[in-house]
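Novice: Sharing work-v7.tsv (TSV, C-alpha atoms) below.
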chain	number	residue	atom	x	y	z
A	101	MET	CA	39.61	-8.44	-32.95
A	102	SER	CA	43.03	-9.27	-34.34
A	103	PRO	CA	43.94	-12.83	-35.45
A	104	THR	CA	45.87	-13.32	-32.18
A	105	SER	CA	43.01	-12.17	-29.94
A	106	LEU	CA	39.58	-13.62	-29.26
A	107	LEU	CA	37.16	-11.97	-26.82
A	108	GLY	CA	40.12	-9.97	-25.54
A	109	LEU	CA	42.18	-13.10	-24.77
A	110	HIS	CA	45.53	-13.80	-26.38
A	111	ILE	CA	45.48	-16.66	-28.92
A	112	PRO	CA	48.85	-18.22	-29.73
A	113	PRO	CA	49.62	-18.39	-33.46
A	114	ALA	CA	49.65	-22.20	-33.72
A	115	GLY	CA	47.87	-22.72	-37.03
A	116	PRO	CA	44.33	-23.22	-38.32
A	117	VAL	CA	43.72	-26.63	-36.67
A	118	PHE	CA	44.64	-25.17	-33.28
A	119	PHE	CA	42.42	-22.13	-33.89
A	120	ALA	CA	39.44	-24.27	-35.00
A	121	ALA	CA	39.83	-26.61	-32.01
A	122	LEU	CA	40.11	-23.58	-29.74
A	123	LEU	CA	36.86	-22.10	-31.07
A	124	VAL	CA	35.01	-25.37	-30.42
A	125	HIS	CA	36.72	-25.58	-27.02
A	126	ILE	CA	35.52	-22.09	-26.04
A	127	VAL	CA	31.93	-22.74	-27.15
A	128	ALA	CA	31.88	-26.11	-25.35
A	129	GLY	CA	33.37	-24.56	-22.21
A	130	MET	CA	30.80	-21.74	-22.17
A	131	THR	CA	28.05	-24.31	-22.70
A	132	CYS	CA	29.37	-26.28	-19.73
A	133	VAL	CA	29.48	-23.22	-17.49
A	134	VAL	CA	25.84	-22.34	-18.24
A	135	ALA	CA	24.50	-25.92	-18.20
A	136	GLY	CA	26.42	-26.78	-15.03
A	137	ALA	CA	25.04	-23.71	-13.25
A	138	LEU	CA	21.50	-24.58	-14.40
A	139	ALA	CA	21.85	-28.18	-13.20
A	140	ALA	CA	23.36	-27.13	-9.86
A	141	THR	CA	20.61	-24.62	-9.11
A	142	ALA	CA	17.69	-26.79	-10.27
A	143	ARG	CA	15.57	-28.99	-8.03
A	144	LYS	CA	16.97	-32.50	-8.06
A	145	ARG	CA	14.09	-34.17	-9.85
A	146	PRO	CA	13.09	-34.92	-13.45
A	147	GLY	CA	13.11	-31.86	-15.69
A	148	ARG	CA	15.70	-29.10	-15.77
A	149	HIS	CA	18.32	-30.83	-13.60
A	150	PRO	CA	18.86	-33.97	-15.71
A	151	ARG	CA	18.46	-32.09	-19.02
A	152	ALA	CA	21.07	-29.52	-18.04
A	153	GLY	CA	23.29	-32.30	-16.68
A	154	ARG	CA	23.22	-34.13	-20.01
A	155	VAL	CA	24.12	-30.93	-21.87
A	156	TYR	CA	26.92	-30.33	-19.36
A	157	LEU	CA	28.35	-33.83	-19.79
A	158	CYS	CA	28.15	-33.63	-23.60
A	159	GLY	CA	29.86	-30.22	-23.57
A	160	LEU	CA	32.48	-31.61	-21.20
A	161	GLY	CA	33.20	-34.36	-23.72
A	162	PHE	CA	33.88	-31.69	-26.34
A	163	VAL	CA	36.07	-29.77	-23.88
A	164	PHE	CA	38.10	-32.93	-23.25
A	165	VAL	CA	38.50	-33.80	-26.94
A	166	THR	CA	39.45	-30.26	-27.96
A	167	ALA	CA	41.82	-29.91	-24.98
A	168	SER	CA	43.49	-33.09	-26.20
A	169	VAL	CA	43.93	-31.61	-29.69
A	170	LEU	CA	45.24	-28.32	-28.28
A	171	ALA	CA	47.71	-30.16	-26.05
A	172	VAL	CA	49.01	-32.34	-28.88
A	173	ILE	CA	49.74	-29.24	-30.95
A	174	ARG	CA	51.35	-27.28	-28.07
A	175	TRP	CA	52.30	-29.89	-25.47
A	176	ARG	CA	54.95	-27.82	-23.68
A	177	HIS	CA	52.47	-25.00	-23.11
A	178	ASP	CA	49.22	-26.93	-22.64
A	179	ALA	CA	50.11	-30.25	-20.95
A	180	HIS	CA	48.85	-29.01	-17.56
A	181	LEU	CA	45.56	-27.93	-19.18
A	182	PHE	CA	45.21	-31.39	-20.70
A	183	GLY	CA	45.66	-32.84	-17.19
A	184	ILE	CA	42.91	-30.58	-15.85
A	185	ALA	CA	40.62	-31.62	-18.73
A	186	VAL	CA	41.27	-35.31	-17.94
A	187	VAL	CA	40.34	-34.71	-14.28
A	188	ALA	CA	37.22	-32.70	-15.19
A	189	PHE	CA	35.98	-35.31	-17.66
A	190	ALA	CA	36.79	-38.25	-15.36
A	191	LEU	CA	34.93	-36.64	-12.45
A	192	GLY	CA	31.97	-35.84	-14.72
A	193	LEU	CA	31.81	-39.46	-15.90
A	194	TYR	CA	32.15	-40.66	-12.29
A	195	GLY	CA	29.21	-38.46	-11.25
A	196	TRP	CA	27.12	-39.58	-14.21
A	197	ARG	CA	27.93	-43.23	-13.57
A	198	ALA	CA	27.02	-42.90	-9.87
A	199	ARG	CA	23.60	-41.59	-10.90
A	200	ARG	CA	23.09	-44.37	-13.41
A	201	ALA	CA	24.18	-47.16	-11.02
A	202	HIS	CA	21.82	-45.89	-8.30
A	203	ARG	CA	23.64	-47.76	-5.53
A	204	PRO	CA	23.13	-46.73	-1.89
A	205	GLY	CA	24.70	-43.31	-1.33
A	206	TRP	CA	24.75	-42.52	-5.06
A	207	GLU	CA	23.64	-38.94	-4.42
A	208	ARG	CA	26.88	-38.11	-2.56
A	209	HIS	CA	29.01	-39.61	-5.35
A	210	HIS	CA	26.95	-37.93	-8.08
A	211	ALA	CA	27.11	-34.46	-6.50
A	212	SER	CA	30.80	-34.80	-5.64
A	213	GLY	CA	31.72	-36.02	-9.12
A	214	MET	CA	29.73	-33.46	-11.04
A	215	GLY	CA	30.62	-30.61	-8.66
A	216	GLY	CA	34.30	-31.58	-8.72
A	217	SER	CA	34.15	-31.67	-12.50
A	218	TYR	CA	32.71	-28.14	-12.58
A	219	ILE	CA	35.46	-26.93	-10.22
A	220	ALA	CA	38.12	-28.50	-12.47
A	221	LEU	CA	36.54	-26.90	-15.55
A	222	LEU	CA	36.68	-23.44	-13.95
A	223	THR	CA	40.19	-24.08	-12.66
A	224	GLY	CA	41.37	-24.80	-16.21
A	225	PHE	CA	39.82	-21.57	-17.43
A	226	TYR	CA	41.37	-19.43	-14.70
A	227	VAL	CA	44.80	-21.10	-14.85
A	228	ASP	CA	44.93	-20.44	-18.60
A	229	ASN	CA	43.22	-17.05	-18.74
A	230	GLY	CA	43.53	-15.51	-15.26
A	231	PRO	CA	46.63	-13.47	-16.13
A	232	GLN	CA	44.65	-11.78	-18.93
A	233	LEU	CA	41.45	-11.04	-16.97
A	234	PRO	CA	40.82	-7.66	-15.32
A	235	GLY	CA	41.14	-8.00	-11.57
A	236	TRP	CA	42.36	-11.58	-11.79
A	237	ARG	CA	45.68	-10.48	-13.32
A	238	LEU	CA	46.50	-8.81	-9.99
A	239	LEU	CA	46.31	-12.14	-8.15
A	240	PRO	CA	49.25	-14.51	-7.68
A	241	HIS	CA	49.33	-17.45	-10.09
A	242	TRP	CA	48.68	-20.05	-7.37
A	243	SER	CA	45.31	-18.42	-6.64
A	244	TYR	CA	44.01	-19.44	-10.09
A	245	TRP	CA	44.47	-23.04	-8.96
A	246	LEU	CA	42.82	-22.61	-5.55
A	247	ILE	CA	39.97	-20.09	-5.83
A	248	PRO	CA	37.56	-22.33	-7.79
A	249	ALA	CA	37.94	-25.10	-5.17
A	250	ALA	CA	37.78	-22.64	-2.27
A	251	VAL	CA	34.39	-21.47	-3.56
A	252	GLY	CA	33.11	-24.76	-5.02
A	253	VAL	CA	33.87	-27.28	-2.27
A	254	PRO	CA	31.80	-25.48	0.40
A	255	LEU	CA	28.93	-25.21	-2.11
A	256	ILE	CA	29.10	-28.97	-2.76
A	257	VAL	CA	29.10	-29.65	1.00
A	258	LEU	CA	26.07	-27.36	1.41
A	259	ALA	CA	24.27	-29.10	-1.47
A	260	LEU	CA	24.94	-32.51	0.08
A	261	HIS	CA	23.63	-31.26	3.42
A	262	ARG	CA	20.50	-29.83	1.79
A	263	PHE	CA	19.91	-33.03	-0.15
A	264	ARG	CA	20.33	-35.16	2.96
A	265	ALA	CA	17.80	-32.90	4.71
A	266	GLY	CA	15.40	-33.31	1.76
A	267	ILE	CA	15.40	-29.60	0.95
A	268	SER	CA	16.54	-29.81	-2.67
A	269	THR	CA	13.72	-32.11	-3.75
A	270	ARG	CA	10.82	-30.21	-2.14
A	271	PRO	CA	8.68	-28.04	-4.41
A	272	HIS	CA	9.38	-24.76	-2.58
A	273	GLY	CA	12.26	-25.64	-0.27
A	274	GLY	CA	9.91	-25.69	2.72
A	275	ALA	CA	9.67	-28.10	5.60
A	276	ARG	CA	9.26	-31.79	5.00
A	277	SER	CA	5.72	-32.81	4.37
A	278	VAL	CA	4.04	-35.38	6.56
A	279	ALA	CA	4.41	-38.77	4.98
A	280	SER	CA	1.25	-40.03	3.39
A	281	PRO	CA	-0.06	-43.32	4.69
A	282	ARG	CA	1.01	-46.32	2.67
A	283	ARG	CA	-1.55	-48.02	0.56
A	284	PRO	CA	-1.82	-51.72	1.10
A	285	SER	CA	-0.24	-53.62	-1.74
A	286	SER	CA	-2.50	-55.80	-3.79
A	287	PRO	CA	-1.99	-59.54	-3.46
A	288	ALA	CA	-0.02	-61.14	-6.25
A	289	ARG	CA	-2.20	-62.65	-8.94
A	290	ARG	CA	-1.56	-66.22	-9.95
Please go through the file and, once you have read it, give me the structure as structure tokens.
Specialist:
Amino acid sequence: MSPTSLLGLHIPPAGPVFFAALLVHIVAGMTCVVAGALAATARKRPGRHPRAGRVYLCGLGFVFVTASVLAVIRWRHDAHLFGIAVVAFALGLYGWRARRAHRPGWERHHASGMGGSYIALLTGFYVDNGPQLPGWRLLPHWSYWLIPAAVGVPLIVLALHRFRAGISTRPHGGARSVASPRRPSSPARR
């Protein structure tokens, strides 16, 4: 690995602050990719889903902060990546806030915000690194902007459909169980 290459990707010679921020940015981005995938594939109940979601949102905060530093140092080259980081972080916060507020329909807002954030995160990676990736370098530049959404949006729609049908919260993804009879509530004590 030469000083201008990291994991086979070209690193612009922009000084030690840029390089340090970029290292944190890469680690945070990789953390987000793994945590986001874990949260998306987990049952939507206490446990793995909210834990992975918190890790994702924390990592996304680091991605946003480091993208800001990288853009300040190389604005002409990285301004569009800063914009993508703003969108990714804003959508992540929107999804998190929807879950916390728990208003009617919060599930749709939560899944759309977090899923949209994940799509934006991957878009930023491919827009910046696609020309250097085997296979991807053969694609036209506009495809780096569209492929993550072309794959991610249908998956979000499917997840919303599954959630609405109650599939994502069932233990084994099977048919809905018969509702148990309600217990009578105890009278209020005075």
Novice: With range 213-236 of chain A as the partner and 10 Å as the cut-off, tabulate the residues of range 148-192 of chain A that qualify, each row holding the nearest pair of atoms and their distance in Å to one decimal, using all atoms listed in the file, sorted by chain and rising number, as a tab-separated table.
Specialist:
residue	atom	partner	partner_atom	distance
A:Gly153	CA	A:Met214	CA	8.6
A:Tyr156	CA	A:Tyr218	CA	9.2
A:Leu157	CA	A:Met214	CA	8.9
A:Leu160	CA	A:Leu221	CA	8.4
A:Val163	CA	A:Leu221	CA	8.8
A:Phe164	CA	A:Leu221	CA	9.9
A:His177	CA	A:Asp228	CA	9.9
A:Asp178	CA	A:Asp228	CA	8.8
A:His180	CA	A:Gly224	CA	8.7
A:Leu181	CA	A:Gly224	CA	6.0
A:Phe182	CA	A:Gly224	CA	8.9
A:Gly183	CA	A:Gly224	CA	9.2
A:Ile184	CA	A:Gly224	CA	6.0
A:Ala185	CA	A:Leu221	CA	7.0
A:Val186	CA	A:Ala220	CA	9.3
A:Val187	CA	A:Ala220	CA	6.8
A:Ala188	CA	A:Ser217	CA	4.2
A:Phe189	CA	A:Ser217	CA	6.6
A:Ala190	CA	A:Ser217	CA	7.6
A:Leu191	CA	A:Gly213	CA	4.7
A:Gly192	CA	A:Met214	CA	4.9
Novice: When distances are computed from all atoms listed in the file, which of A:Arg174, A:His261, A:His210, A:His241 shows the smallest separation from Pro112 in chain A?
Specialist: A:Arg174
Novice: How many Å lie between CA of Arg199 in chain A and CA of Val169 in chain A, rounded to one decimal?
Specialist: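 According to the coordinates, CA of Arg199 in chain A and CA of Val169 in chain A are separated by 29.4 Å.
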Novice: When you draw a straight line from CA of Ala201 in chain A to CA of Ala135 in chain A, how long is it in Å?
Specialist: 22.4 Å
Novice: For Arg208 in chain A, work out the shell of residues within 10 Å, counting all atoms listed in the file and skipping chain neighbours fewer than 6 positions away, then give it as a list in words.
Specialist: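 Counting only the stated atoms, we get Gly195, Ala198, Arg199, Ile256, Val257, Ala259, Leu260, His261, Phe263 and Arg264 of chain A.
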Novice: Fewer than 3 positions away in the same chain doesn't count, so skip those; otherwise give me all residues within 10 Å of His149 in chain A, counting only C-alpha atoms, as JSON, numbers by chain.
Specialist: {"A": [135, 136, 137, 138, 139, 140, 141, 142, 143, 144, 145, 146, 152, 153, 154]}
Novice: List as a list of chain:residue names the protein and nucleic acid residues near Thr166 in chain A, meaning an atom at most 10 Å away when only C-alpha atoms are counted, but skip any in the same chain fewer than 6 places from it.
Specialist: A:Phe118, A:Ala120, A:Ala121, A:Leu122, A:Leu123, A:Val124, A:His125, A:Ile126, A:Ala128, A:Leu160, A:Val172, A:Phe182, A:Ala185
Novice: Which distance in Å separates CA of Gly115 in chain A and CA of Met130 in chain A, to one decimal?
Specialist: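 The value is 22.7 Å.
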Novice: Taking all listed atoms of range 234-244 of chain A, build the axis-aligned box, pad each of the six sides by 3 Å, then write its centre and edge lengths in Å to one decimal as JSON.
Specialist:
{"center_x": 45.1, "center_y": -13.9, "center_z": -11.0, "size_x": 14.5, "size_y": 18.4, "size_z": 14.7}
